[in-house]
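Next comes target07.cif, a file with mmCIF, C-alpha atoms and all ligand atoms.
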data_input
loop_
_atom_site.group_PDB
_atom_site.id
_atom_site.type_symbol
_atom_site.label_atom_id
_atom_site.label_comp_id
_atom_site.auth_asym_id
_atom_site.auth_seq_id
_atom_site.Cartn_x
_atom_site.Cartn_y
_atom_site.Cartn_z
ATOM 1 C CA MET P 1 29.417 -86.393 -222.094
ATOM 2 C CA ALA P 2 31.079 -86.866 -225.482
ATOM 3 C CA ASN P 3 30.820 -83.157 -226.306
ATOM 4 C CA LEU P 4 31.875 -81.886 -222.906
ATOM 5 C CA ARG P 5 34.429 -79.105 -223.369
ATOM 6 C CA LEU P 6 37.212 -78.754 -220.836
ATOM 7 C CA TYR P 7 39.054 -75.563 -219.840
ATOM 8 C CA ALA P 8 41.781 -74.976 -217.232
ATOM 9 C CA VAL P 9 43.751 -72.253 -215.503
ATOM 10 C CA PHE P 10 47.484 -72.945 -215.237
ATOM 11 C CA GLY P 11 49.751 -71.317 -212.690
ATOM 12 C CA ASN P 12 51.972 -71.810 -209.670
ATOM 13 C CA PRO P 13 50.560 -71.263 -207.072
ATOM 14 C CA ILE P 14 47.032 -71.866 -208.308
ATOM 15 C CA ALA P 15 44.910 -72.987 -205.337
ATOM 16 C CA HIS P 16 43.692 -69.418 -204.691
ATOM 17 C CA SER P 17 42.374 -68.890 -208.228
ATOM 18 C CA LYS P 18 38.771 -67.774 -208.563
ATOM 19 C CA SER P 19 38.704 -68.532 -212.286
ATOM 20 C CA PRO P 20 36.976 -71.958 -211.978
ATOM 21 C CA LEU P 21 34.185 -70.375 -209.936
ATOM 22 C CA LEU P 22 33.603 -67.615 -212.493
ATOM 23 C CA HIS P 23 33.857 -69.719 -215.653
ATOM 24 C CA ASN P 24 31.874 -72.711 -214.356
ATOM 25 C CA TYR P 25 29.071 -70.404 -213.276
ATOM 26 C CA VAL P 26 28.913 -68.945 -216.795
ATOM 27 C CA PHE P 27 28.751 -72.467 -218.285
ATOM 28 C CA TYR P 28 25.967 -73.342 -215.846
ATOM 29 C CA LYS P 29 23.958 -70.141 -216.432
ATOM 30 C CA LEU P 30 24.275 -70.315 -220.207
ATOM 31 C CA GLY P 31 23.620 -74.083 -220.352
ATOM 32 C CA ILE P 32 26.985 -74.849 -221.904
ATOM 33 C CA ASP P 33 28.314 -78.391 -221.621
ATOM 34 C CA ALA P 34 31.755 -77.491 -220.309
ATOM 35 C CA ARG P 35 33.907 -77.628 -217.163
ATOM 36 C CA TYR P 36 36.786 -75.458 -215.945
ATOM 37 C CA ILE P 37 39.528 -76.762 -213.635
ATOM 38 C CA ARG P 38 42.676 -75.529 -211.857
ATOM 39 C CA TYR P 39 46.023 -77.014 -212.865
ATOM 40 C CA HIS P 40 49.197 -76.570 -210.821
ATOM 41 C CA LEU P 41 51.944 -76.272 -213.424
ATOM 42 C CA GLU P 42 55.541 -76.966 -212.399
ATOM 43 C CA THR P 43 57.204 -76.002 -215.665
ATOM 44 C CA SER P 44 56.293 -74.539 -219.034
ATOM 45 C CA ASP P 45 58.168 -77.392 -220.783
ATOM 46 C CA ASN P 46 55.923 -79.668 -222.862
ATOM 47 C CA PHE P 47 52.893 -77.447 -222.238
ATOM 48 C CA ARG P 48 51.519 -78.097 -225.748
ATOM 49 C CA ASP P 49 51.529 -81.862 -225.185
ATOM 50 C CA LEU P 50 49.820 -81.380 -221.835
ATOM 51 C CA PHE P 51 47.162 -79.119 -223.376
ATOM 52 C CA PHE P 52 46.331 -81.619 -226.132
ATOM 53 C CA ASN P 53 46.580 -84.669 -223.844
ATOM 54 C CA LEU P 54 44.007 -83.074 -221.554
ATOM 55 C CA ASN P 55 41.957 -82.361 -224.680
ATOM 56 C CA LEU P 56 41.376 -78.772 -223.593
ATOM 57 C CA SER P 57 39.360 -76.275 -225.591
ATOM 58 C CA GLY P 58 41.009 -73.301 -223.920
ATOM 59 C CA ALA P 59 43.008 -72.105 -220.941
ATOM 60 C CA ASN P 60 43.926 -69.185 -218.769
ATOM 61 C CA ILE P 61 47.515 -68.598 -217.811
ATOM 62 C CA THR P 62 48.630 -66.935 -214.633
ATOM 63 C CA LEU P 63 51.893 -66.259 -212.807
ATOM 64 C CA PRO P 64 54.641 -67.107 -213.528
ATOM 65 C CA PHE P 65 53.923 -68.423 -217.040
ATOM 66 C CA LYS P 66 52.384 -65.456 -218.868
ATOM 67 C CA GLU P 67 55.534 -64.818 -220.893
ATOM 68 C CA SER P 68 57.058 -68.272 -221.200
ATOM 69 C CA LEU P 69 53.925 -69.928 -222.631
ATOM 70 C CA ILE P 70 53.866 -67.572 -225.598
ATOM 71 C CA GLU P 71 56.230 -70.049 -227.250
ATOM 72 C CA SER P 72 53.632 -72.794 -226.971
ATOM 73 C CA CYS P 73 51.169 -70.855 -229.131
ATOM 74 C CA ASP P 74 50.912 -70.970 -232.919
ATOM 75 C CA GLU P 75 49.690 -67.395 -233.111
ATOM 76 C CA ILE P 76 49.413 -64.395 -230.795
ATOM 77 C CA ARG P 77 46.590 -61.953 -231.428
ATOM 78 C CA GLY P 78 45.840 -58.383 -230.361
ATOM 79 C CA ILE P 79 47.657 -56.438 -227.695
ATOM 80 C CA ALA P 80 49.392 -59.594 -226.379
ATOM 81 C CA LYS P 81 51.852 -59.149 -229.248
ATOM 82 C CA GLU P 82 52.938 -55.757 -227.902
ATOM 83 C CA ILE P 83 52.921 -56.769 -224.271
ATOM 84 C CA ASN P 84 54.642 -60.075 -224.945
ATOM 85 C CA ALA P 85 52.495 -61.803 -222.334
ATOM 86 C CA ILE P 86 49.352 -63.936 -222.582
ATOM 87 C CA ASN P 87 46.699 -64.900 -220.074
ATOM 88 C CA THR P 88 44.289 -66.716 -222.400
ATOM 89 C CA ILE P 89 44.720 -69.517 -224.929
ATOM 90 C CA VAL P 90 41.976 -70.623 -227.310
ATOM 91 C CA ARG P 91 42.210 -73.817 -229.322
ATOM 92 C CA GLU P 92 41.292 -73.496 -232.975
ATOM 93 C CA ASP P 93 41.426 -77.072 -234.347
ATOM 94 C CA SER P 94 45.068 -78.057 -233.905
ATOM 95 C CA LYS P 95 46.265 -74.496 -233.312
ATOM 96 C CA LEU P 96 46.703 -72.603 -230.051
ATOM 97 C CA ILE P 97 45.937 -68.882 -230.189
ATOM 98 C CA GLY P 98 47.222 -66.628 -227.408
ATOM 99 C CA TYR P 99 45.528 -63.444 -226.164
ATOM 100 C CA ASN P 100 45.930 -60.953 -223.326
ATOM 101 C CA THR P 101 42.698 -59.953 -221.596
ATOM 102 C CA ASP P 102 44.413 -58.476 -218.476
ATOM 103 C CA ALA P 103 45.009 -55.221 -220.323
ATOM 104 C CA THR P 104 41.450 -54.887 -221.598
ATOM 105 C CA GLY P 105 40.189 -56.026 -218.179
ATOM 106 C CA PHE P 106 42.035 -53.134 -216.587
ATOM 107 C CA TYR P 107 40.888 -50.599 -219.165
ATOM 108 C CA GLN P 108 37.238 -51.585 -218.775
ATOM 109 C CA ASN P 109 37.367 -50.053 -215.276
ATOM 110 C CA ILE P 110 38.489 -46.631 -216.359
ATOM 111 C CA PHE P 111 37.476 -45.995 -219.964
ATOM 112 C CA LYS P 112 34.460 -43.944 -218.915
ATOM 113 C CA PHE P 113 36.557 -41.364 -217.093
ATOM 114 C CA ASN P 114 38.159 -38.580 -219.026
ATOM 115 C CA ILE P 115 41.775 -39.554 -218.387
ATOM 116 C CA LYS P 116 44.479 -37.730 -220.276
ATOM 117 C CA ASN P 117 47.595 -38.814 -218.429
ATOM 118 C CA ALA P 118 48.575 -41.557 -216.031
ATOM 119 C CA LEU P 119 51.374 -42.469 -213.673
ATOM 120 C CA ILE P 120 52.177 -46.162 -213.342
ATOM 121 C CA ILE P 121 54.168 -47.114 -210.247
ATOM 122 C CA GLY P 122 55.961 -50.391 -210.940
ATOM 123 C CA ALA P 123 57.532 -51.912 -214.023
ATOM 124 C CA GLY P 124 56.654 -55.610 -213.863
ATOM 125 C CA GLY P 125 54.407 -57.713 -216.112
ATOM 126 C CA SER P 126 51.148 -56.015 -215.137
ATOM 127 C CA ALA P 127 52.630 -52.548 -215.542
ATOM 128 C CA LYS P 128 53.517 -53.488 -219.112
ATOM 129 C CA ALA P 129 49.960 -54.581 -219.936
ATOM 130 C CA ILE P 130 48.552 -51.400 -218.430
ATOM 131 C CA ALA P 131 51.084 -49.109 -220.111
ATOM 132 C CA TYR P 132 50.231 -50.521 -223.536
ATOM 133 C CA ILE P 133 46.474 -50.363 -223.205
ATOM 134 C CA LEU P 134 46.672 -46.771 -221.937
ATOM 135 C CA LYS P 135 49.010 -45.771 -224.753
ATOM 136 C CA GLU P 136 46.740 -47.471 -227.301
ATOM 137 C CA ASN P 137 43.921 -45.293 -226.002
ATOM 138 C CA ASN P 138 45.958 -42.097 -226.360
ATOM 139 C CA ILE P 139 46.586 -41.622 -222.659
ATOM 140 C CA LYS P 140 50.022 -40.225 -221.870
ATOM 141 C CA VAL P 141 51.911 -42.627 -219.612
ATOM 142 C CA SER P 142 54.786 -42.052 -217.183
ATOM 143 C CA ILE P 143 56.355 -45.003 -215.401
ATOM 144 C CA ILE P 144 58.346 -44.970 -212.194
ATOM 145 C CA ASN P 145 60.049 -47.904 -210.510
ATOM 146 C CA ARG P 146 62.233 -48.385 -207.432
ATOM 147 C CA SER P 147 65.019 -50.019 -209.472
ATOM 148 C CA GLU P 148 66.404 -49.737 -212.985
ATOM 149 C CA PRO P 149 66.417 -53.252 -214.545
ATOM 150 C CA ASN P 150 62.660 -53.576 -215.183
ATOM 151 C CA LEU P 151 62.518 -50.044 -216.631
ATOM 152 C CA LYS P 152 64.885 -50.968 -219.439
ATOM 153 C CA ASP P 153 62.277 -52.617 -221.647
ATOM 154 C CA PHE P 154 59.893 -49.668 -221.194
ATOM 155 C CA ARG P 155 62.636 -47.228 -222.170
ATOM 156 C CA ILE P 156 63.424 -49.229 -225.314
ATOM 157 C CA ARG P 157 59.757 -49.061 -226.270
ATOM 158 C CA GLY P 158 59.657 -45.290 -225.906
ATOM 159 C CA PHE P 159 57.844 -44.860 -222.596
ATOM 160 C CA GLU P 160 58.803 -42.003 -220.295
ATOM 161 C CA CYS P 161 60.496 -43.659 -217.332
ATOM 162 C CA HIS P 162 62.012 -42.522 -214.041
ATOM 163 C CA LEU P 163 63.586 -44.086 -211.034
ATOM 164 C CA SER P 164 61.202 -43.389 -208.128
ATOM 165 C CA SER P 165 64.012 -41.845 -206.075
ATOM 166 C CA GLU P 166 64.815 -39.365 -208.871
ATOM 167 C CA PHE P 167 61.279 -38.547 -209.978
ATOM 168 C CA LYS P 168 60.505 -34.818 -209.926
ATOM 169 C CA TYR P 169 56.820 -35.298 -209.181
ATOM 170 C CA GLN P 170 56.295 -31.589 -208.467
ATOM 171 C CA ASP P 171 56.615 -30.960 -212.218
ATOM 172 C CA TYR P 172 53.723 -33.300 -213.161
ATOM 173 C CA GLN P 173 49.989 -33.733 -212.833
ATOM 174 C CA PHE P 174 48.281 -37.111 -213.364
ATOM 175 C CA ASP P 175 44.568 -37.839 -213.735
ATOM 176 C CA LEU P 176 45.172 -41.511 -212.902
ATOM 177 C CA VAL P 177 47.742 -43.063 -210.528
ATOM 178 C CA VAL P 178 48.143 -46.847 -210.735
ATOM 179 C CA ASN P 179 49.941 -48.952 -208.156
ATOM 180 C CA ALA P 180 51.147 -51.831 -210.326
ATOM 181 C CA THR P 181 53.740 -52.973 -207.790
ATOM 182 C CA SER P 182 53.298 -55.893 -205.434
ATOM 183 C CA SER P 183 53.796 -53.567 -202.423
ATOM 184 C CA SER P 184 50.183 -53.894 -201.261
ATOM 185 C CA ILE P 185 50.563 -57.661 -200.871
ATOM 186 C CA ASN P 186 53.078 -56.850 -198.147
ATOM 187 C CA ASN P 187 50.898 -54.048 -196.809
ATOM 188 C CA VAL P 188 53.452 -51.330 -197.526
ATOM 189 C CA LEU P 189 53.276 -48.225 -199.710
ATOM 190 C CA PRO P 190 55.133 -48.227 -203.045
ATOM 191 C CA LEU P 191 56.454 -44.672 -202.411
ATOM 192 C CA SER P 192 56.909 -42.476 -199.357
ATOM 193 C CA PRO P 193 53.635 -41.118 -197.893
ATOM 194 C CA SER P 194 54.681 -37.519 -198.512
ATOM 195 C CA MET P 195 55.480 -38.167 -202.173
ATOM 196 C CA LEU P 196 52.178 -39.980 -202.690
ATOM 197 C CA GLU P 197 50.182 -37.278 -200.930
ATOM 198 C CA SER P 198 51.757 -34.695 -203.151
ATOM 199 C CA ILE P 199 51.013 -36.691 -206.337
ATOM 200 C CA PHE P 200 47.426 -37.367 -205.201
ATOM 201 C CA ARG P 201 46.793 -33.665 -204.611
ATOM 202 C CA ASP P 202 46.214 -33.054 -208.336
ATOM 203 C CA SER P 203 44.886 -36.501 -209.302
ATOM 204 C CA LYS P 204 41.380 -37.869 -209.788
ATOM 205 C CA ILE P 205 41.616 -41.669 -209.614
ATOM 206 C CA ALA P 206 43.865 -44.119 -207.739
ATOM 207 C CA PHE P 207 43.947 -47.755 -208.859
ATOM 208 C CA ASP P 208 45.647 -50.601 -206.994
ATOM 209 C CA LEU P 209 45.911 -53.911 -208.818
ATOM 210 C CA MET P 210 45.690 -55.908 -205.622
ATOM 211 C CA TYR P 211 42.287 -57.198 -204.565
ATOM 212 C CA GLY P 212 40.710 -58.956 -201.619
ATOM 213 C CA LYS P 213 41.855 -56.694 -198.784
ATOM 214 C CA GLU P 214 42.223 -53.061 -197.843
ATOM 215 C CA CYS P 215 45.540 -51.519 -198.826
ATOM 216 C CA LYS P 216 47.490 -48.515 -197.603
ATOM 217 C CA PHE P 217 47.795 -47.037 -201.085
ATOM 218 C CA LEU P 218 44.032 -46.722 -201.574
ATOM 219 C CA GLU P 219 43.534 -45.677 -197.930
ATOM 220 C CA LEU P 220 45.842 -42.726 -198.506
ATOM 221 C CA ALA P 221 44.145 -41.927 -201.817
ATOM 222 C CA LYS P 222 40.740 -41.906 -200.114
ATOM 223 C CA LYS P 223 42.038 -39.405 -197.570
ATOM 224 C CA SER P 224 43.041 -37.199 -200.501
ATOM 225 C CA ASN P 225 39.468 -37.496 -201.834
ATOM 226 C CA LEU P 226 40.333 -39.495 -204.935
ATOM 227 C CA ARG P 227 38.034 -42.045 -206.524
ATOM 228 C CA VAL P 228 39.601 -45.419 -205.642
ATOM 229 C CA ILE P 229 39.455 -48.680 -207.587
ATOM 230 C CA ASP P 230 41.000 -52.005 -206.575
ATOM 231 C CA GLY P 231 41.983 -54.984 -208.725
ATOM 232 C CA SER P 232 38.836 -57.038 -208.157
ATOM 233 C CA LYS P 233 36.980 -55.665 -211.169
ATOM 234 C CA MET P 234 40.070 -56.057 -213.335
ATOM 235 C CA LEU P 235 40.039 -59.735 -212.429
ATOM 236 C CA LEU P 236 36.350 -59.964 -213.242
ATOM 237 C CA TYR P 237 36.624 -58.209 -216.610
ATOM 238 C CA GLN P 238 39.645 -60.212 -217.765
ATOM 239 C CA ALA P 239 37.574 -63.341 -217.047
ATOM 240 C CA ILE P 240 34.600 -61.951 -218.971
ATOM 241 C CA PHE P 241 36.775 -61.201 -222.008
ATOM 242 C CA ALA P 242 38.442 -64.623 -221.772
ATOM 243 C CA SER P 243 35.085 -66.394 -221.525
ATOM 244 C CA SER P 244 33.854 -64.467 -224.537
ATOM 245 C CA LEU P 245 36.868 -65.753 -226.495
ATOM 246 C CA PHE P 246 36.342 -69.331 -225.250
ATOM 247 C CA LEU P 247 32.671 -69.429 -226.135
ATOM 248 C CA ASN P 248 32.638 -67.023 -229.050
ATOM 249 C CA ILE P 249 29.631 -65.205 -227.640
ATOM 250 C CA ASN P 250 29.190 -61.573 -226.716
ATOM 251 C CA ASN P 251 30.500 -60.048 -223.506
ATOM 252 C CA GLU P 252 27.135 -58.863 -222.308
ATOM 253 C CA LYS P 253 25.607 -62.279 -221.615
ATOM 254 C CA ILE P 254 28.757 -63.451 -219.871
ATOM 255 C CA SER P 255 29.105 -60.244 -217.923
ATOM 256 C CA LYS P 256 25.570 -60.602 -216.579
ATOM 257 C CA ALA P 257 26.198 -64.165 -215.403
ATOM 258 C CA MET P 258 29.630 -63.557 -213.854
ATOM 259 C CA SER P 259 28.620 -60.382 -212.065
ATOM 260 C CA GLU P 260 25.840 -62.303 -210.277
ATOM 261 C CA ILE P 261 28.305 -64.398 -208.289
ATOM 262 C CA TYR P 262 31.352 -62.234 -208.215
ATOM 263 C CA ASN P 263 31.076 -61.091 -204.628
ATOM 264 C CA THR P 264 30.120 -64.451 -203.184
ATOM 265 C CA ASP P 265 33.126 -66.456 -202.096
HETATM 266 P P1 LIG P 301 55.993 -58.346 -211.001
HETATM 267 O O1 LIG P 301 56.661 -59.238 -210.018
HETATM 268 O O2 LIG P 301 56.162 -58.593 -212.452
HETATM 269 O O3 LIG P 301 56.451 -56.806 -210.709
HETATM 270 C C1 LIG P 301 56.437 -56.295 -209.419
HETATM 271 C C2 LIG P 301 56.770 -54.796 -209.465
HETATM 272 O O4 LIG P 301 56.559 -54.284 -208.164
HETATM 273 C C3 LIG P 301 58.209 -54.459 -209.837
HETATM 274 O O5 LIG P 301 58.222 -53.255 -210.566
HETATM 275 C C4 LIG P 301 58.873 -54.276 -208.468
HETATM 276 O O6 LIG P 301 60.002 -53.427 -208.503
HETATM 277 C C5 LIG P 301 57.752 -53.589 -207.725
HETATM 278 N N1 LIG P 301 57.771 -53.733 -206.267
HETATM 279 C C6 LIG P 301 57.629 -54.863 -205.550
HETATM 280 N N2 LIG P 301 57.601 -54.581 -204.232
HETATM 281 C C7 LIG P 301 57.712 -53.230 -204.117
HETATM 282 C C8 LIG P 301 57.725 -52.334 -203.020
HETATM 283 N N3 LIG P 301 57.642 -52.758 -201.764
HETATM 284 N N4 LIG P 301 57.834 -51.011 -203.278
HETATM 285 C C9 LIG P 301 57.911 -50.546 -204.541
HETATM 286 N N5 LIG P 301 57.902 -51.352 -205.631
HETATM 287 C C10 LIG P 301 57.806 -52.681 -205.421
HETATM 288 O O7 LIG P 301 54.442 -58.371 -210.565
HETATM 289 P P2 LIG P 301 53.157 -58.206 -211.488
HETATM 290 O O8 LIG P 301 53.322 -57.008 -212.360
HETATM 291 O O9 LIG P 301 52.822 -59.478 -212.128
HETATM 292 O O10 LIG P 301 52.026 -57.943 -210.376
HETATM 293 C C11 LIG P 301 51.966 -56.744 -209.630
HETATM 294 C C12 LIG P 301 50.717 -56.748 -208.764
HETATM 295 O O11 LIG P 301 49.558 -56.782 -209.560
HETATM 296 C C13 LIG P 301 50.589 -57.948 -207.822
HETATM 297 O O12 LIG P 301 50.112 -57.444 -206.601
HETATM 298 C C14 LIG P 301 49.560 -58.828 -208.466
HETATM 299 O O13 LIG P 301 48.867 -59.609 -207.526
HETATM 300 C C15 LIG P 301 48.649 -57.788 -209.087
HETATM 301 N N6 LIG P 301 47.881 -58.280 -210.236
HETATM 302 C C16 LIG P 301 46.508 -58.128 -210.230
HETATM 303 C C17 LIG P 301 45.740 -58.552 -211.315
HETATM 304 C C18 LIG P 301 44.258 -58.401 -211.281
HETATM 305 O O14 LIG P 301 43.559 -58.997 -212.112
HETATM 306 N N7 LIG P 301 43.735 -57.609 -210.389
HETATM 307 C C19 LIG P 301 46.352 -59.175 -212.498
HETATM 308 C C20 LIG P 301 47.798 -59.269 -212.414
HETATM 309 C C21 LIG P 301 48.518 -58.838 -211.317
HETATM 310 P P3 LIG P 301 61.452 -53.983 -208.997
HETATM 311 O O15 LIG P 301 61.413 -53.982 -210.509
HETATM 312 O O16 LIG P 301 62.395 -52.984 -208.456
HETATM 313 O O17 LIG P 301 61.603 -55.347 -208.393
#
What does the file become when written as structure tokens?
Amino acid sequence: MANLRLYAVFGNPIAHSKSPLLHNYVFYKLGIDARYIRYHLETSDNFRDLFFNLNLSGANITLPFKESLIESCDEIRGIAKEINAINTIVREDSKLIGYNTDATGFYQNIFKFNIKNALIIGAGGSAKAIAYILKENNIKVSIINRSEPNLKDFRIRGFECHLSSEFKYQDYQFDLVVNATSSSINNVLPLSPSMLESIFRDSKIAFDLMYGKECKFLELAKKSNLRVIDGSKMLLYQAIFASSLFLNINNEKISKAMSEIYNTD
């Protein structure tokens, strides 16, 4: 027991998180002496003390702490620096290193398709991660949002942005259309049906970040004969990349183990 490593996912709410299931199964399959727990976090204050008091080796961070816990890290690596949000922390001796595997988790779903341009609907935290990873891979990105405030940061960083109500969609063609809004949680469309149908007419792939239930956005995309992808694989891949960082072993072994249980609840 002395060498047992402990990991946790922090968020609020957190009861729904599948991360313990995925990570503990990897530990079990690979014979690693480690456990992964859920932790309901009330505030990001004193997170460092909490992390070290629990003697954690690593953590995942979910809503609403992905931005605020950056301050608790000694160093931020990779695309997390651009996005300004982390979902993974790895302990290196007395240092905490922050990473973002949401972005790479998303990209893993689509890298094999020949995508040249993408429309992101929504301008929240996930939209930012997706916009950066697409841009990093030379995919032209346009962002639309129902209101102005969240677009501001994208504009400052040079992304092409539009208010949804003012977007002249007839002038564009997108290979990939991503619903990065939380509209599907409420079972509503992020744009009017006629606008979406028109955008889908010339598109190839529709991606909705939500997972776990059917959504109107992908239903409509299916009717327009698009390839549809939901957020479940994004969740899986971000966990694979995080586990690879925790254990410092290659993605392939972890991927094999996690994929075995992914669809069993
Ligand atoms: P945020 O709260 O940061 O952003 C929400 C965005 O959705 C904003 O742009 C908001 O617009 C827009 N929005 C909300 N409701 C509507 C609506 N009815 N119509 C149009 N736009 C709307 O959320 P996140 O970016 O963190 O998350 C977005 C979604 O992605 C959630 O469903 C979340 O569950 C999912 N997600 C999935 C992951 C996965 O692994 N599959 C990982 C992370 C997130 P405004 O700026 O005007 O308020």
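Proximity ranking of P:Ile199, P:Leu151, P:Leu218, P:Met210 relative to P:Asn186 places P:Met210 first, based on all atoms listed in the file.
If you measure from each of P:Thr62, P:Ser183, P:Ser72, P:Asn250 to ligand LIG 301 (chain P) using all atoms listed in the file, the closest one turns out to be P:Ser183.
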Counting only C-alpha atoms, which of P:Ile240, P:Leu235, P:Ala257, P:Leu54 gets nearest to P:Lys18?
P:Leu235
Written as an MDAnalysis selection string, what is the full residue list that the PyMOL selection byres (((chain P and resi 5) around 9) and not hetatm) yields on the file shown?
chainID P and resid 1:4 6:7 32:36 55:58
Evaluate the PyMOL selection byres (((chain P and resi 81-90) around 9) and not hetatm) and report residues as a VMD selection string
chain P and resid 9 56 to 62 65 to 70 73 76 to 80 91 to 92 95 to 103 125 128 to 129 131 to 132 238 242 245 to 246
Write a file of the just-selected residues containing C-alpha atoms, as a PDB file, in the frame of the given file.
ATOM      1  CA  VAL P   9      43.751 -72.253-215.503  1.00  0.00           C
ATOM      2  CA  LEU P  56      41.376 -78.772-223.593  1.00  0.00           C
ATOM      3  CA  SER P  57      39.360 -76.275-225.591  1.00  0.00           C
ATOM      4  CA  GLY P  58      41.009 -73.301-223.920  1.00  0.00           C
ATOM      5  CA  ALA P  59      43.008 -72.105-220.941  1.00  0.00           C
ATOM      6  CA  ASN P  60      43.926 -69.185-218.769  1.00  0.00           C
ATOM      7  CA  ILE P  61      47.515 -68.598-217.811  1.00  0.00           C
ATOM      8  CA  THR P  62      48.630 -66.935-214.633  1.00  0.00           C
ATOM      9  CA  PHE P  65      53.923 -68.423-217.040  1.00  0.00           C
ATOM     10  CA  LYS P  66      52.384 -65.456-218.868  1.00  0.00           C
ATOM     11  CA  GLU P  67      55.534 -64.818-220.893  1.00  0.00           C
ATOM     12  CA  SER P  68      57.058 -68.272-221.200  1.00  0.00           C
ATOM     13  CA  LEU P  69      53.925 -69.928-222.631  1.00  0.00           C
ATOM     14  CA  ILE P  70      53.866 -67.572-225.598  1.00  0.00           C
ATOM     15  CA  CYS P  73      51.169 -70.855-229.131  1.00  0.00           C
ATOM     16  CA  ILE P  76      49.413 -64.395-230.795  1.00  0.00           C
ATOM     17  CA  ARG P  77      46.590 -61.953-231.428  1.00  0.00           C
ATOM     18  CA  GLY P  78      45.840 -58.383-230.361  1.00  0.00           C
ATOM     19  CA  ILE P  79      47.657 -56.438-227.695  1.00  0.00           C
ATOM     20  CA  ALA P  80      49.392 -59.594-226.379  1.00  0.00           C
ATOM     21  CA  ARG P  91      42.210 -73.817-229.322  1.00  0.00           C
ATOM     22  CA  GLU P  92      41.292 -73.496-232.975  1.00  0.00           C
ATOM     23  CA  LYS P  95      46.265 -74.496-233.312  1.00  0.00           C
ATOM     24  CA  LEU P  96      46.703 -72.603-230.051  1.00  0.00           C
ATOM     25  CA  ILE P  97      45.937 -68.882-230.189  1.00  0.00           C
ATOM     26  CA  GLY P  98      47.222 -66.628-227.408  1.00  0.00           C
ATOM     27  CA  TYR P  99      45.528 -63.444-226.164  1.00  0.00           C
ATOM     28  CA  ASN P 100      45.930 -60.953-223.326  1.00  0.00           C
ATOM     29  CA  THR P 101      42.698 -59.953-221.596  1.00  0.00           C
ATOM     30  CA  ASP P 102      44.413 -58.476-218.476  1.00  0.00           C
ATOM     31  CA  ALA P 103      45.009 -55.221-220.323  1.00  0.00           C
ATOM     32  CA  GLY P 125      54.407 -57.713-216.112  1.00  0.00           C
ATOM     33  CA  LYS P 128      53.517 -53.488-219.112  1.00  0.00           C
ATOM     34  CA  ALA P 129      49.960 -54.581-219.936  1.00  0.00           C
ATOM     35  CA  ALA P 131      51.084 -49.109-220.111  1.00  0.00           C
ATOM     36  CA  TYR P 132      50.231 -50.521-223.536  1.00  0.00           C
ATOM     37  CA  GLN P 238      39.645 -60.212-217.765  1.00  0.00           C
ATOM     38  CA  ALA P 242      38.442 -64.623-221.772  1.00  0.00           C
ATOM     39  CA  LEU P 245      36.868 -65.753-226.495  1.00  0.00           C
ATOM     40  CA  PHE P 246      36.342 -69.331-225.250  1.00  0.00           C
TER      41      PHE P 246
END
Residues matched by the PyMOL selection byres (((not hetatm)) within 8 of (chain P and resi 301)) as an mmCIF file with C-alpha atoms, in the frame of the given file:
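The new file selection27.cif reads:
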data_model
loop_
_atom_site.group_PDB
_atom_site.id
_atom_site.type_symbol
_atom_site.label_atom_id
_atom_site.label_comp_id
_atom_site.auth_asym_id
_atom_site.auth_seq_id
_atom_site.Cartn_x
_atom_site.Cartn_y
_atom_site.Cartn_z
ATOM 1 C CA LEU P 63 51.893 -66.259 -212.807
ATOM 2 C CA PRO P 64 54.641 -67.107 -213.528
ATOM 3 C CA ASP P 102 44.413 -58.476 -218.476
ATOM 4 C CA GLY P 105 40.189 -56.026 -218.179
ATOM 5 C CA PHE P 106 42.035 -53.134 -216.587
ATOM 6 C CA ILE P 121 54.168 -47.114 -210.247
ATOM 7 C CA GLY P 122 55.961 -50.391 -210.940
ATOM 8 C CA ALA P 123 57.532 -51.912 -214.023
ATOM 9 C CA GLY P 124 56.654 -55.610 -213.863
ATOM 10 C CA GLY P 125 54.407 -57.713 -216.112
ATOM 11 C CA SER P 126 51.148 -56.015 -215.137
ATOM 12 C CA ALA P 127 52.630 -52.548 -215.542
ATOM 13 C CA LYS P 128 53.517 -53.488 -219.112
ATOM 14 C CA ASN P 145 60.049 -47.904 -210.510
ATOM 15 C CA ARG P 146 62.233 -48.385 -207.432
ATOM 16 C CA SER P 147 65.019 -50.019 -209.472
ATOM 17 C CA GLU P 148 66.404 -49.737 -212.985
ATOM 18 C CA PRO P 149 66.417 -53.252 -214.545
ATOM 19 C CA ASN P 150 62.660 -53.576 -215.183
ATOM 20 C CA LEU P 151 62.518 -50.044 -216.631
ATOM 21 C CA ASN P 179 49.941 -48.952 -208.156
ATOM 22 C CA ALA P 180 51.147 -51.831 -210.326
ATOM 23 C CA THR P 181 53.740 -52.973 -207.790
ATOM 24 C CA SER P 182 53.298 -55.893 -205.434
ATOM 25 C CA SER P 183 53.796 -53.567 -202.423
ATOM 26 C CA SER P 184 50.183 -53.894 -201.261
ATOM 27 C CA ILE P 185 50.563 -57.661 -200.871
ATOM 28 C CA ASN P 186 53.078 -56.850 -198.147
ATOM 29 C CA VAL P 188 53.452 -51.330 -197.526
ATOM 30 C CA LEU P 189 53.276 -48.225 -199.710
ATOM 31 C CA PRO P 190 55.133 -48.227 -203.045
ATOM 32 C CA LEU P 191 56.454 -44.672 -202.411
ATOM 33 C CA ASP P 208 45.647 -50.601 -206.994
ATOM 34 C CA LEU P 209 45.911 -53.911 -208.818
ATOM 35 C CA MET P 210 45.690 -55.908 -205.622
ATOM 36 C CA TYR P 211 42.287 -57.198 -204.565
ATOM 37 C CA ASP P 230 41.000 -52.005 -206.575
ATOM 38 C CA GLY P 231 41.983 -54.984 -208.725
ATOM 39 C CA SER P 232 38.836 -57.038 -208.157
ATOM 40 C CA LYS P 233 36.980 -55.665 -211.169
ATOM 41 C CA MET P 234 40.070 -56.057 -213.335
ATOM 42 C CA LEU P 235 40.039 -59.735 -212.429
ATOM 43 C CA LEU P 236 36.350 -59.964 -213.242
ATOM 44 C CA GLN P 238 39.645 -60.212 -217.765
#
